[in-house]
Every structure is written in C-alpha cells, then in structure tokens.
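Undergrad: Just so it is clear, I am handing over work-v1.cif, which has mmCIF, C-alpha atoms and all ligand atoms.
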```cif
data_query
#
loop_
_atom_site.group_PDB
_atom_site.id
_atom_site.type_symbol
_atom_site.label_atom_id
_atom_site.label_comp_id
_atom_site.auth_asym_id
_atom_site.auth_seq_id
_atom_site.Cartn_x
_atom_site.Cartn_y
_atom_site.Cartn_z
ATOM 1 C CA MET Z 1 -10.308 -17.246 -2.034
ATOM 2 C CA GLN Z 2 -7.166 -16.638 0.042
ATOM 3 C CA LYS Z 3 -7.282 -16.759 3.846
ATOM 4 C CA ASP Z 4 -4.737 -13.945 4.246
ATOM 5 C CA PHE Z 5 -3.905 -10.628 2.587
ATOM 6 C CA LEU Z 6 -0.101 -10.670 2.525
ATOM 7 C CA SER Z 7 0.720 -9.773 -1.072
ATOM 8 C CA LEU Z 8 -1.316 -8.831 -4.147
ATOM 9 C CA SER Z 9 0.459 -11.602 -6.005
ATOM 10 C CA ASP Z 10 -1.437 -14.204 -3.932
ATOM 11 C CA TRP Z 11 -4.775 -12.905 -5.208
ATOM 12 C CA SER Z 12 -6.664 -13.231 -8.485
ATOM 13 C CA LEU Z 13 -7.919 -10.275 -10.474
ATOM 14 C CA GLU Z 14 -11.461 -11.525 -10.008
ATOM 15 C CA ASP Z 15 -11.221 -11.607 -6.204
ATOM 16 C CA LEU Z 16 -9.512 -8.194 -6.047
ATOM 17 C CA GLU Z 17 -12.290 -6.757 -8.241
ATOM 18 C CA LYS Z 18 -14.825 -8.194 -5.773
ATOM 19 C CA ILE Z 19 -13.024 -6.296 -3.010
ATOM 20 C CA PHE Z 20 -13.293 -3.092 -5.076
ATOM 21 C CA THR Z 21 -17.014 -3.645 -5.597
ATOM 22 C CA LEU Z 22 -17.523 -4.130 -1.862
ATOM 23 C CA THR Z 23 -15.328 -1.080 -1.182
ATOM 24 C CA GLY Z 24 -17.591 1.077 -3.371
ATOM 25 C CA ASP Z 25 -20.661 -0.263 -1.608
ATOM 26 C CA LEU Z 26 -19.234 0.301 1.885
ATOM 27 C CA LYS Z 27 -18.053 3.790 0.964
ATOM 28 C CA SER Z 28 -21.518 4.804 -0.304
ATOM 29 C CA ARG Z 29 -23.189 3.320 2.755
ATOM 30 C CA GLN Z 30 -20.855 5.191 5.054
ATOM 31 C CA LYS Z 31 -21.449 8.486 3.214
ATOM 32 C CA ALA Z 32 -25.211 7.883 3.442
ATOM 33 C CA GLY Z 33 -25.009 7.117 7.168
ATOM 34 C CA LEU Z 34 -26.265 3.539 6.664
ATOM 35 C CA GLN Z 35 -25.404 0.490 8.798
ATOM 36 C CA GLN Z 36 -22.416 -1.621 7.726
ATOM 37 C CA ASN Z 37 -22.365 -4.166 10.563
ATOM 38 C CA LEU Z 38 -20.514 -6.863 8.644
ATOM 39 C CA LEU Z 39 -18.133 -7.672 11.515
ATOM 40 C CA ALA Z 40 -20.402 -7.252 14.553
ATOM 41 C CA GLY Z 41 -18.827 -8.793 17.638
ATOM 42 C CA LYS Z 42 -15.491 -9.440 15.905
ATOM 43 C CA THR Z 43 -12.054 -8.218 16.933
ATOM 44 C CA LEU Z 44 -8.968 -7.294 14.924
ATOM 45 C CA GLY Z 45 -5.546 -7.408 16.610
ATOM 46 C CA MET Z 46 -3.157 -4.795 15.158
ATOM 47 C CA LEU Z 47 0.513 -5.465 15.783
ATOM 48 C CA PHE Z 48 2.866 -2.589 14.950
ATOM 49 C CA GLU Z 49 6.661 -2.853 14.873
ATOM 50 C CA LYS Z 50 6.899 0.447 12.934
ATOM 51 C CA SER Z 51 5.212 3.856 13.206
ATOM 52 C CA SER Z 52 1.914 4.646 11.535
ATOM 53 C CA THR Z 53 -0.753 7.299 11.249
ATOM 54 C CA ARG Z 54 -3.047 6.259 8.383
ATOM 55 C CA THR Z 55 -2.810 2.498 8.751
ATOM 56 C CA ARG Z 56 -3.536 2.476 12.453
ATOM 57 C CA VAL Z 57 -6.371 4.982 12.302
ATOM 58 C CA SER Z 58 -8.034 3.534 9.201
ATOM 59 C CA PHE Z 59 -7.987 -0.062 10.461
ATOM 60 C CA GLU Z 60 -9.179 0.892 13.938
ATOM 61 C CA VAL Z 61 -11.954 3.184 12.694
ATOM 62 C CA GLY Z 62 -12.825 0.666 9.977
ATOM 63 C CA MET Z 63 -13.393 -2.109 12.511
ATOM 64 C CA TYR Z 64 -15.562 0.195 14.609
ATOM 65 C CA GLN Z 65 -17.654 1.174 11.591
ATOM 66 C CA LEU Z 66 -18.166 -2.510 10.749
ATOM 67 C CA GLY Z 67 -19.528 -3.150 14.239
ATOM 68 C CA GLY Z 68 -16.332 -4.746 15.560
ATOM 69 C CA HIS Z 69 -13.415 -3.744 17.703
ATOM 70 C CA ALA Z 70 -9.680 -3.249 17.108
ATOM 71 C CA LEU Z 71 -6.798 -3.700 19.528
ATOM 72 C CA PHE Z 72 -3.667 -1.599 19.048
ATOM 73 C CA LEU Z 73 -0.541 -3.545 20.046
ATOM 74 C CA ALA Z 74 2.768 -1.715 19.803
ATOM 75 C CA SER Z 75 5.362 -4.479 19.625
ATOM 76 C CA GLY Z 76 7.519 -2.811 22.277
ATOM 77 C CA SER Z 77 4.752 -3.238 24.827
ATOM 78 C CA THR Z 78 4.108 -6.889 23.919
ATOM 79 C CA GLN Z 79 6.187 -10.029 24.431
ATOM 80 C CA VAL Z 80 7.039 -9.894 20.701
ATOM 81 C CA GLY Z 81 9.281 -6.958 21.591
ATOM 82 C CA ARG Z 82 11.032 -9.213 24.127
ATOM 83 C CA GLY Z 83 11.643 -11.974 21.628
ATOM 84 C CA GLU Z 84 8.646 -14.303 21.979
ATOM 85 C CA PRO Z 85 8.617 -16.404 18.800
ATOM 86 C CA ILE Z 86 6.168 -15.268 16.135
ATOM 87 C CA LYS Z 87 4.740 -18.760 15.843
ATOM 88 C CA ASP Z 88 3.760 -18.762 19.525
ATOM 89 C CA THR Z 89 2.306 -15.251 19.380
ATOM 90 C CA ALA Z 90 0.347 -16.164 16.244
ATOM 91 C CA ARG Z 91 -1.200 -19.259 17.804
ATOM 92 C CA CYS Z 92 -2.198 -17.434 20.989
ATOM 93 C CA MET Z 93 -3.598 -14.355 19.289
ATOM 94 C CA ALA Z 94 -5.724 -16.507 17.001
ATOM 95 C CA ARG Z 95 -7.478 -17.844 20.109
ATOM 96 C CA TYR Z 96 -8.627 -14.336 21.089
ATOM 97 C CA VAL Z 97 -9.158 -12.349 17.912
ATOM 98 C CA ASP Z 98 -10.844 -12.917 14.536
ATOM 99 C CA GLY Z 99 -8.119 -11.360 12.406
ATOM 100 C CA VAL Z 100 -4.665 -9.817 12.718
ATOM 101 C CA MET Z 101 -3.079 -6.863 10.932
ATOM 102 C CA ILE Z 102 0.721 -6.640 11.139
ATOM 103 C CA ARG Z 103 3.158 -3.880 10.245
ATOM 104 C CA THR Z 104 6.722 -5.080 10.524
ATOM 105 C CA TYR Z 105 10.113 -5.253 8.821
ATOM 106 C CA SER Z 106 10.482 -8.657 7.217
ATOM 107 C CA GLN Z 107 7.887 -10.158 4.893
ATOM 108 C CA ASP Z 108 8.961 -13.518 6.340
ATOM 109 C CA THR Z 109 7.533 -12.425 9.696
ATOM 110 C CA VAL Z 110 4.025 -11.908 8.296
ATOM 111 C CA GLU Z 111 4.301 -15.134 6.274
ATOM 112 C CA GLU Z 112 5.364 -17.029 9.402
ATOM 113 C CA PHE Z 113 2.602 -15.418 11.444
ATOM 114 C CA ALA Z 114 0.012 -16.391 8.816
ATOM 115 C CA LYS Z 115 1.341 -19.935 8.668
ATOM 116 C CA TYR Z 116 0.696 -20.447 12.368
ATOM 117 C CA SER Z 117 -2.422 -18.294 12.664
ATOM 118 C CA ALA Z 118 -5.849 -19.909 12.525
ATOM 119 C CA VAL Z 119 -7.352 -16.494 11.718
ATOM 120 C CA PRO Z 120 -6.746 -14.249 8.667
ATOM 121 C CA VAL Z 121 -3.609 -12.088 8.618
ATOM 122 C CA ILE Z 122 -3.355 -8.753 6.786
ATOM 123 C CA ASN Z 123 -0.059 -7.158 5.774
ATOM 124 C CA GLY Z 124 -0.101 -3.542 6.960
ATOM 125 C CA LEU Z 125 3.376 -2.930 5.419
ATOM 126 C CA THR Z 126 6.673 -4.756 5.419
ATOM 127 C CA ASP Z 127 10.040 -3.814 3.917
ATOM 128 C CA LEU Z 128 8.939 -5.762 0.834
ATOM 129 C CA TYR Z 129 5.277 -4.868 0.283
ATOM 130 C CA HIS Z 130 2.413 -2.531 1.142
ATOM 131 C CA PRO Z 131 -0.576 -4.280 -0.477
ATOM 132 C CA CYS Z 132 -3.412 -2.451 1.334
ATOM 133 C CA GLN Z 133 -1.972 0.848 0.112
ATOM 134 C CA LEU Z 134 -1.967 -0.381 -3.487
ATOM 135 C CA MET Z 135 -5.598 -1.442 -3.200
ATOM 136 C CA ALA Z 136 -6.513 2.040 -1.938
ATOM 137 C CA ASP Z 137 -4.419 3.632 -4.692
ATOM 138 C CA LEU Z 138 -6.013 1.668 -7.502
ATOM 139 C CA PHE Z 139 -9.495 2.134 -6.078
ATOM 140 C CA THR Z 140 -8.823 5.892 -6.100
ATOM 141 C CA VAL Z 141 -7.818 5.855 -9.769
ATOM 142 C CA ARG Z 142 -10.781 3.570 -10.562
ATOM 143 C CA GLU Z 143 -13.145 6.175 -9.053
ATOM 144 C CA ARG Z 144 -11.888 8.709 -11.596
ATOM 145 C CA ARG Z 145 -11.021 6.617 -14.637
ATOM 146 C CA GLU Z 146 -13.347 3.767 -15.505
ATOM 147 C CA ASP Z 147 -10.664 2.155 -17.653
ATOM 148 C CA TYR Z 148 -8.112 2.183 -14.834
ATOM 149 C CA ARG Z 149 -6.583 -1.073 -16.063
ATOM 150 C CA GLY Z 150 -5.900 0.436 -19.479
ATOM 151 C CA LEU Z 151 -3.800 3.337 -18.168
ATOM 152 C CA THR Z 152 -0.032 3.776 -18.097
ATOM 153 C CA TYR Z 153 1.331 4.176 -14.576
ATOM 154 C CA CYS Z 154 4.721 5.592 -13.657
ATOM 155 C CA TRP Z 155 6.717 5.103 -10.475
ATOM 156 C CA VAL Z 156 9.491 7.596 -9.726
ATOM 157 C CA GLY Z 157 11.934 7.230 -6.837
ATOM 158 C CA ASP Z 158 13.024 4.394 -4.597
ATOM 159 C CA GLY Z 159 12.544 0.760 -5.581
ATOM 160 C CA ASN Z 160 10.972 0.157 -2.159
ATOM 161 C CA ASN Z 161 7.982 -1.688 -0.704
ATOM 162 C CA MET Z 162 5.596 0.570 -2.641
ATOM 163 C CA ALA Z 163 7.440 0.057 -5.926
ATOM 164 C CA ASN Z 164 7.410 -3.714 -5.377
ATOM 165 C CA SER Z 165 3.683 -3.601 -4.732
ATOM 166 C CA TRP Z 166 3.117 -1.522 -7.883
ATOM 167 C CA ILE Z 167 4.928 -4.267 -9.798
ATOM 168 C CA ASN Z 168 2.643 -6.909 -8.300
ATOM 169 C CA ALA Z 169 -0.373 -4.744 -9.114
ATOM 170 C CA ALA Z 170 0.754 -4.302 -12.731
ATOM 171 C CA THR Z 171 1.075 -8.079 -12.956
ATOM 172 C CA VAL Z 172 -2.354 -8.894 -11.521
ATOM 173 C CA PHE Z 173 -4.319 -6.000 -13.058
ATOM 174 C CA GLY Z 174 -2.459 -6.092 -16.364
ATOM 175 C CA PHE Z 175 -1.684 -2.371 -16.726
ATOM 176 C CA GLU Z 176 1.484 -0.846 -18.156
ATOM 177 C CA LEU Z 177 4.000 0.316 -15.541
ATOM 178 C CA ARG Z 178 7.200 2.294 -15.934
ATOM 179 C CA VAL Z 179 9.579 2.342 -12.987
ATOM 180 C CA ALA Z 180 12.294 5.015 -12.743
ATOM 181 C CA THR Z 181 14.816 4.572 -9.927
ATOM 182 C CA PRO Z 182 18.467 5.535 -9.473
ATOM 183 C CA ALA Z 183 20.940 2.772 -10.335
ATOM 184 C CA GLY Z 184 21.411 0.536 -7.323
ATOM 185 C CA TYR Z 185 17.946 1.380 -5.913
ATOM 186 C CA GLU Z 186 15.887 -0.817 -8.229
ATOM 187 C CA PRO Z 187 12.906 -2.822 -6.950
ATOM 188 C CA ASP Z 188 13.405 -6.272 -5.456
ATOM 189 C CA ALA Z 189 14.994 -8.697 -7.951
ATOM 190 C CA MET Z 190 12.692 -11.611 -7.059
ATOM 191 C CA VAL Z 191 9.599 -9.415 -7.476
ATOM 192 C CA LYS Z 192 10.849 -8.228 -10.880
ATOM 193 C CA GLU Z 193 11.621 -11.748 -11.987
ATOM 194 C CA ARG Z 194 8.211 -13.085 -11.017
ATOM 195 C CA ALA Z 195 6.502 -10.207 -12.836
ATOM 196 C CA ALA Z 196 8.566 -10.875 -15.948
ATOM 197 C CA GLU Z 197 7.708 -14.583 -15.842
ATOM 198 C CA ALA Z 198 4.025 -13.678 -15.584
ATOM 199 C CA GLY Z 199 4.328 -11.492 -18.696
ATOM 200 C CA ALA Z 200 3.797 -8.142 -16.933
ATOM 201 C CA LYS Z 201 4.164 -4.983 -19.074
ATOM 202 C CA ILE Z 202 6.845 -3.177 -17.060
ATOM 203 C CA ILE Z 203 9.710 -0.939 -18.171
ATOM 204 C CA TYR Z 204 12.623 -0.218 -15.806
ATOM 205 C CA THR Z 205 14.766 2.855 -16.342
ATOM 206 C CA ASN Z 206 17.029 5.329 -14.530
ATOM 207 C CA ASN Z 207 15.424 8.208 -16.415
ATOM 208 C CA PRO Z 208 12.341 9.781 -14.749
ATOM 209 C CA ALA Z 209 11.465 11.879 -17.829
ATOM 210 C CA GLU Z 210 11.413 8.809 -20.044
ATOM 211 C CA ALA Z 211 9.160 7.018 -17.561
ATOM 212 C CA ALA Z 212 6.788 9.948 -17.063
ATOM 213 C CA ARG Z 213 6.286 10.995 -20.688
ATOM 214 C CA GLY Z 214 2.626 10.396 -21.574
ATOM 215 C CA ALA Z 215 1.859 8.435 -18.387
ATOM 216 C CA GLN Z 216 -1.629 8.960 -16.980
ATOM 217 C CA VAL Z 217 -0.656 8.348 -13.364
ATOM 218 C CA LEU Z 218 2.546 9.374 -11.557
ATOM 219 C CA SER Z 219 3.349 7.990 -8.136
ATOM 220 C CA THR Z 220 6.192 8.305 -5.666
ATOM 221 C CA ASP Z 221 7.185 7.797 -2.033
ATOM 222 C CA VAL Z 222 9.855 8.944 0.400
ATOM 223 C CA TRP Z 223 13.500 8.395 -0.529
ATOM 224 C CA ALA Z 224 14.320 6.802 2.839
ATOM 225 C CA SER Z 225 11.721 4.427 4.240
ATOM 226 C CA MET Z 226 11.150 3.438 7.845
ATOM 227 C CA GLY Z 227 14.271 1.647 9.012
ATOM 228 C CA GLN Z 228 16.526 3.572 6.570
ATOM 229 C CA GLU Z 229 16.744 6.794 8.590
ATOM 230 C CA ALA Z 230 20.555 6.540 8.781
ATOM 231 C CA GLU Z 231 20.741 6.686 4.958
ATOM 232 C CA GLN Z 232 18.534 9.786 4.656
ATOM 233 C CA GLN Z 233 21.313 12.283 3.846
ATOM 234 C CA GLU Z 234 23.129 10.028 1.397
ATOM 235 C CA ARG Z 235 19.871 9.173 -0.345
ATOM 236 C CA GLN Z 236 18.927 12.841 -0.612
ATOM 237 C CA LYS Z 237 21.959 13.341 -2.865
ATOM 238 C CA ILE Z 238 21.482 10.156 -4.899
ATOM 239 C CA PHE Z 239 17.768 10.744 -5.495
ATOM 240 C CA THR Z 240 18.063 14.375 -6.622
ATOM 241 C CA GLY Z 241 16.359 14.429 -9.996
ATOM 242 C CA TYR Z 242 13.861 11.749 -8.994
ATOM 243 C CA GLN Z 243 11.296 14.286 -7.900
ATOM 244 C CA ILE Z 244 7.704 14.691 -9.027
ATOM 245 C CA ASN Z 245 7.571 18.387 -9.893
ATOM 246 C CA MET Z 246 5.534 20.454 -12.354
ATOM 247 C CA GLU Z 247 8.071 19.824 -15.097
ATOM 248 C CA LEU Z 248 7.548 16.059 -14.802
ATOM 249 C CA VAL Z 249 3.774 16.487 -14.520
ATOM 250 C CA LYS Z 250 3.805 18.486 -17.784
ATOM 251 C CA LEU Z 251 5.724 15.691 -19.498
ATOM 252 C CA ALA Z 252 3.032 13.276 -18.345
ATOM 253 C CA GLY Z 253 0.179 15.392 -19.654
ATOM 254 C CA PRO Z 254 -2.564 17.841 -18.672
ATOM 255 C CA GLU Z 255 -4.887 15.204 -17.212
ATOM 256 C CA CYS Z 256 -2.298 13.176 -15.313
ATOM 257 C CA LEU Z 257 -3.063 12.089 -11.759
ATOM 258 C CA VAL Z 258 -0.412 12.295 -9.049
ATOM 259 C CA MET Z 259 -0.227 9.904 -6.119
ATOM 260 C CA HIS Z 260 1.791 9.528 -2.928
ATOM 261 C CA CYS Z 261 1.071 7.033 -0.152
ATOM 262 C CA LEU Z 262 2.182 9.530 2.532
ATOM 263 C CA PRO Z 263 3.894 10.602 4.706
ATOM 264 C CA ALA Z 264 5.573 12.932 2.187
ATOM 265 C CA HIS Z 265 8.719 15.013 2.419
ATOM 266 C CA ARG Z 266 7.593 18.087 0.512
ATOM 267 C CA ASP Z 267 10.141 19.446 -1.944
ATOM 268 C CA GLU Z 268 12.177 16.246 -1.752
ATOM 269 C CA GLU Z 269 10.422 13.430 -3.655
ATOM 270 C CA ILE Z 270 7.451 15.659 -4.545
ATOM 271 C CA THR Z 271 7.059 19.405 -4.635
ATOM 272 C CA ASP Z 272 4.590 21.232 -2.452
ATOM 273 C CA GLU Z 273 3.220 22.747 -5.677
ATOM 274 C CA VAL Z 274 2.335 19.337 -7.140
ATOM 275 C CA MET Z 275 0.878 18.074 -3.867
ATOM 276 C CA GLU Z 276 -1.464 21.041 -3.737
ATOM 277 C CA SER Z 277 -2.263 21.017 -7.467
ATOM 278 C CA ARG Z 278 -5.407 19.756 -9.225
ATOM 279 C CA HIS Z 279 -3.406 16.715 -10.348
ATOM 280 C CA SER Z 280 -3.048 15.422 -6.803
ATOM 281 C CA ILE Z 281 -5.397 12.670 -5.605
ATOM 282 C CA ILE Z 282 -3.216 12.072 -2.572
ATOM 283 C CA PHE Z 283 -5.743 12.767 0.176
ATOM 284 C CA ASP Z 284 -8.428 10.685 -1.541
ATOM 285 C CA GLN Z 285 -5.888 7.862 -1.579
ATOM 286 C CA ALA Z 286 -5.472 8.296 2.163
ATOM 287 C CA GLU Z 287 -9.250 8.290 2.707
ATOM 288 C CA ASN Z 288 -9.695 5.186 0.596
ATOM 289 C CA ARG Z 289 -7.415 3.208 2.906
ATOM 290 C CA LEU Z 290 -10.406 3.177 5.247
ATOM 291 C CA HIS Z 291 -12.951 1.971 2.698
ATOM 292 C CA VAL Z 292 -10.768 -0.600 0.969
ATOM 293 C CA GLN Z 293 -9.476 -2.109 4.224
ATOM 294 C CA LYS Z 294 -13.044 -2.449 5.493
ATOM 295 C CA ALA Z 295 -13.771 -4.466 2.358
ATOM 296 C CA ILE Z 296 -10.625 -6.560 2.867
ATOM 297 C CA MET Z 297 -11.520 -7.259 6.503
ATOM 298 C CA ALA Z 298 -15.153 -8.061 5.668
ATOM 299 C CA THR Z 299 -13.972 -10.413 2.912
ATOM 300 C CA LEU Z 300 -11.491 -12.239 5.141
ATOM 301 C CA MET Z 301 -13.201 -12.086 8.517
ATOM 302 C CA GLY Z 302 -16.912 -11.909 7.648
HETATM 303 N N1 LIG T 401 0.605 5.264 3.902
HETATM 304 C C1 LIG T 401 0.716 4.735 5.131
HETATM 305 O O1 LIG T 401 0.762 3.509 5.310
HETATM 306 O O2 LIG T 401 0.728 5.653 6.131
HETATM 307 P P1 LIG T 401 1.117 5.387 7.650
HETATM 308 O O3 LIG T 401 2.569 5.024 7.696
HETATM 309 O O4 LIG T 401 0.806 6.677 8.333
HETATM 310 O O5 LIG T 401 0.282 4.253 8.176
HETATM 311 N N1 LIG T 402 8.094 3.286 1.866
HETATM 312 C C1 LIG T 402 7.522 3.886 3.061
HETATM 313 C C2 LIG T 402 6.023 3.784 3.035
HETATM 314 C C3 LIG T 402 5.325 4.396 4.212
HETATM 315 C C4 LIG T 402 3.859 4.224 4.185
HETATM 316 C C5 LIG T 402 8.105 3.202 4.286
HETATM 317 O O1 LIG T 402 8.211 1.974 4.275
HETATM 318 O O2 LIG T 402 8.458 3.893 5.226
#
```
Have the structure of the file written as structure tokens, please.
TA:
Amino acid sequence: MQKDFLSLSDWSLEDLEKIFTLTGDLKSRQKAGLQQNLLAGKTLGMLFEKSSTRTRVSFEVGMYQLGGHALFLASGSTQVGRGEPIKDTARCMARYVDGVMIRTYSQDTVEEFAKYSAVPVINGLTDLYHPCQLMADLFTVRERREDYRGLTYCWVGDGNNMANSWINAATVFGFELRVATPAGYEPDAMVKERAAEAGAKIIYTNNPAEAARGAQVLSTDVWASMGQEAEQQERQKIFTGYQINMELVKLAGPECLVMHCLPAHRDEEITDEVMESRHSIIFDQAENRLHVQKAIMATLMG
C-alpha cells in the first residue's frame, strides 16, 4: 500500500476498491449516526496555496467526524508564502501532525513534500491532478451503476487537472474514456503517453458530439482553472461549442449521468438546465468528497 495519495496512477485497482468499500461503510455509519473514531487524537495539516470551498470543508469536517482535528494553513500566512523551502516545511510539519493535505500549483511541490515528509501526504489538487475528486466522482457513479467499470465515460472541455485525472482513472479502473478538447488544449502529453503504454482505452478528439454519442457519463469543468484567470476571456471564445447542454445529453442517451467537480460557470461549460436536470449527480459528487476522503485519510493515517 502507498504511503501517500498524490496520483491515482500510484495506486492499484485493488487498493482503490478497498477505499471505496471503506467509503461506503463510513457513509452508512455517518447517516446512521454511528461512531467512526478511526483517527481519534490525530491531526491533519491542510496547506492551501489556492482557493477552496469543498476541499477545505470536506477534509476539515471529515477529520472531525473521524475523531481527529484539522489545521487550516493558508500559504500566505505561513513561512511557505515567504519562501521557506518545501523540504524544510515538510520535515517540520511531520513532527507535529499525522498527515498533510496540500493544494498547490505544481505537482512537483507535492511530490517534494511527500519525499521529505515522514507522514502521509494527500494531493488536494495541483495543476496536473485532482485525485481525491476522481475518487469521489467514481464512487458517485458506483453508487448508481454497479458495473461502473464497464461504462463509457466522456470528458468535454479543457485538458486540465481533472481531465488528466480522468485519464489516470481510466487506466487504473479499465473503463473506456473519450476526451473532447479544443486543439491546443489537450491533456498533459506525459499523462497521455503513460496511459497509452498501459493499454488504456481512451479516444482523443476535438469533436464533443463524437465523444458524447452513447456515453453513459458526461463530465466537464471550468474553461479557465485557478491560475488561468488572465486567459478567461480568450478561452471563452475558444471553448464555445465545448459545453454540456441538453443537445449533448440527448446524444449521450436518456439515462446518461452528468458530472462537474464544481465550482461551475453556468451557461459556459455546462448549462443551468443540465445542472438542474435529473441527469445531474453533481451535488452527490460534492457530498462524496467527504466520505471518500475520510476513507483515504483512515487508510493512510489510521
Ligand atoms: N471540486 C473542488 O475541489 O472544489 P473546491 O475548489 O471548492 O475545493
Ligand atoms: N480545474 C479546476 C478544478 C477546481 C476544483 C481548477 O483547477 O481550478
């Protein structure tokens, strides 16, 4: 079993399935009001270099529900924000806390942190990956479709951290994935290459309709991610046509599920109509961040 949760590609299908089983158990116990004190007396340090609503709240509440405690550290109010080397911060934090969650820009930062940290490190989003989100997303589909690994998934929009994580998920879980992005906004080349080498069933296209036709799950994300705010207007033009709307949902089929990691820009990458439709499982995805991350923390820190 891995010490850290930095990328889905570090984990085996078997171990990720164990996390899903524990997630289901923790979710039922929470709904039934039962004790889940798997991390009593333990502390999670949460280091944020980017904004967050869901990640911060779900990790902090998750630690509390497991009998532990979480510390919110905005990088600007720590010495990290003043340039203290990651390897020094990592070694000091590991002497106080039992696990660390980091949201930052470069994947190298979380890798470096994990290298020097004696305690488990969890990736709470980088420019490259968002693995906790993917675990929540797949758990949400798994709750509705027993054969979630046999479905065809479709990604429409930017080839960003979420798209890269979908590619890793398709590789580990073995499902078919179709990725539709504008030319020049494809997912990370190294991530694509590794998936291809591992024999993943992934189709890349610039045509959203082609990708969506007959897919059982459609997913998207904002056109400009955190750190790309200056490109927002330009991207709005380039990404026109890469929207999940009712027309695309119809091409997918009457039972298709629609996902978005949130925050969403309604009527840009996804219409308000689709978000509010019976196809949307978006708010269950958001809820499942809590349950799945509790299972990840209990697995790594328990
Ligand atoms: N989906 C997600 O990670 O949301 P936040 O940015 O609000 O944490
Ligand atoms: N791609 C988005 C995801 C937010 C949860 C971003 O990085 O801003």
Undergrad: Quick one: what's the axis-aligned box for ligand LIG 402 (chain T), all listed atoms, 6 Å on every side, centre and edges in Å to one decimal, as JSON?
TA:
```
{"center_x": 6.2, "center_y": 3.2, "center_z": 3.5, "size_x": 16.6, "size_y": 14.4, "size_z": 15.4}
```
Undergrad: Taking only C-alpha atoms and all ligand atoms into account, which residues have an atom no farther than 6 Å from ligand LIG 402 (chain T)? I'd like them as a PDB file with C-alpha atoms, in the coordinates of the input.
TA:
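What ended up in pocket_31.pdb:
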```
ATOM      1  CA  ASN Z 160      10.972   0.157  -2.159  1.00  0.00           C
ATOM      2  CA  ASN Z 161       7.982  -1.688  -0.704  1.00  0.00           C
ATOM      3  CA  MET Z 162       5.596   0.570  -2.641  1.00  0.00           C
ATOM      4  CA  SER Z 225      11.721   4.427   4.240  1.00  0.00           C
ATOM      5  CA  MET Z 226      11.150   3.438   7.845  1.00  0.00           C
ATOM      6  CA  CYS Z 261       1.071   7.033  -0.152  1.00  0.00           C
ATOM      7  CA  LEU Z 262       2.182   9.530   2.532  1.00  0.00           C
TER       8      LEU Z 262
END
```
Undergrad: Ligand LIG 401 (chain T): which residues are within 9 Å, counting all atoms listed in the file? Reply as a PyMOL selection string.
TA: chain Z and resi 50-58+103+124-125+130+132-133+226+260-263+285-286+289
Undergrad: Given the file shown, enumerate the residues that the PyMOL selection byres (((chain Z and resi 134-143) around 9) and not hetatm) captures and present them as an MDAnalysis selection string.
TA: chainID Z and resid 8 16 19:20 23:24 130:133 144:149 162 165:166 169 217 257 259:261 281:282 284:293
Undergrad: Of the residues Z:Glu229, Z:Glu197, Z:Asp88, Z:Glu255, which is the one nearest to Gln216 of chain Z, using only C-alpha atoms?
TA: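 Of Z:Glu229, Z:Glu197, Z:Asp88, Z:Glu255, the one nearest Gln216 of chain Z is Z:Glu255, counting only C-alpha atoms.
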Undergrad: For Gly45 of chain Z, which residue out of Z:Ile270, Z:Leu177, Z:Met297, Z:Cys154 is the nearest one, using only C-alpha atoms?
TA: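 For Gly45 of chain Z, the nearest of the given residues is Z:Met297.
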Undergrad: Contacts of Ala74 of chain Z at 9 Å or less, counting all atoms listed in the file, minus same-chain residues fewer than 5 places along, as JSON, numbers by chain?
TA: {"Z": [46, 47, 48, 49, 50, 51, 81]}
Undergrad: So which one's closest to Val156 of chain Z, Z:Val249, Z:Ala211, Z:Met63, Z:Ile238? Using all atoms listed in the file, please.
TA: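 Comparing Z:Val249, Z:Ala211, Z:Met63, Z:Ile238 against Val156 of chain Z, the winner is Z:Ala211.
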Undergrad: For a quick check of your reading of the model, name the residues lying within 8 Å of the coordinate (-10.8, -8.4, 13.5), counting only C-alpha atoms, and write them as an MDAnalysis selection string.
TA: chainID Z and resid 39 42:45 63 68:70 97:100 297 301
Undergrad: What gap, in Å, lies between atom CA of Glu234 of chain Z and atom CA of Met190 of chain Z?
TA: 25.5 Å
Undergrad: Measuring atom to atom with all atoms listed in the file, identify which of Z:Arg194, Z:Glu247, Z:Gly67, Z:Asp4 is nearest to Met101 of chain Z.
TA: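 Under the stated criterion, the closest residue is Z:Asp4.
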Undergrad: Please measure the separation of atom CA of Pro208 of chain Z and atom CA of Ser7 of chain Z, giving the value in Å to one decimal.
TA: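 Going from atom CA of Pro208 of chain Z over to atom CA of Ser7 of chain Z covers 26.5 Å.
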Undergrad: To one decimal in Å, tell me the separation between atom CA of Leu73 of chain Z and atom CA of Ile296 of chain Z.
TA: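 Separation of atom CA of Leu73 of chain Z and atom CA of Ile296 of chain Z: 20.1 Å.
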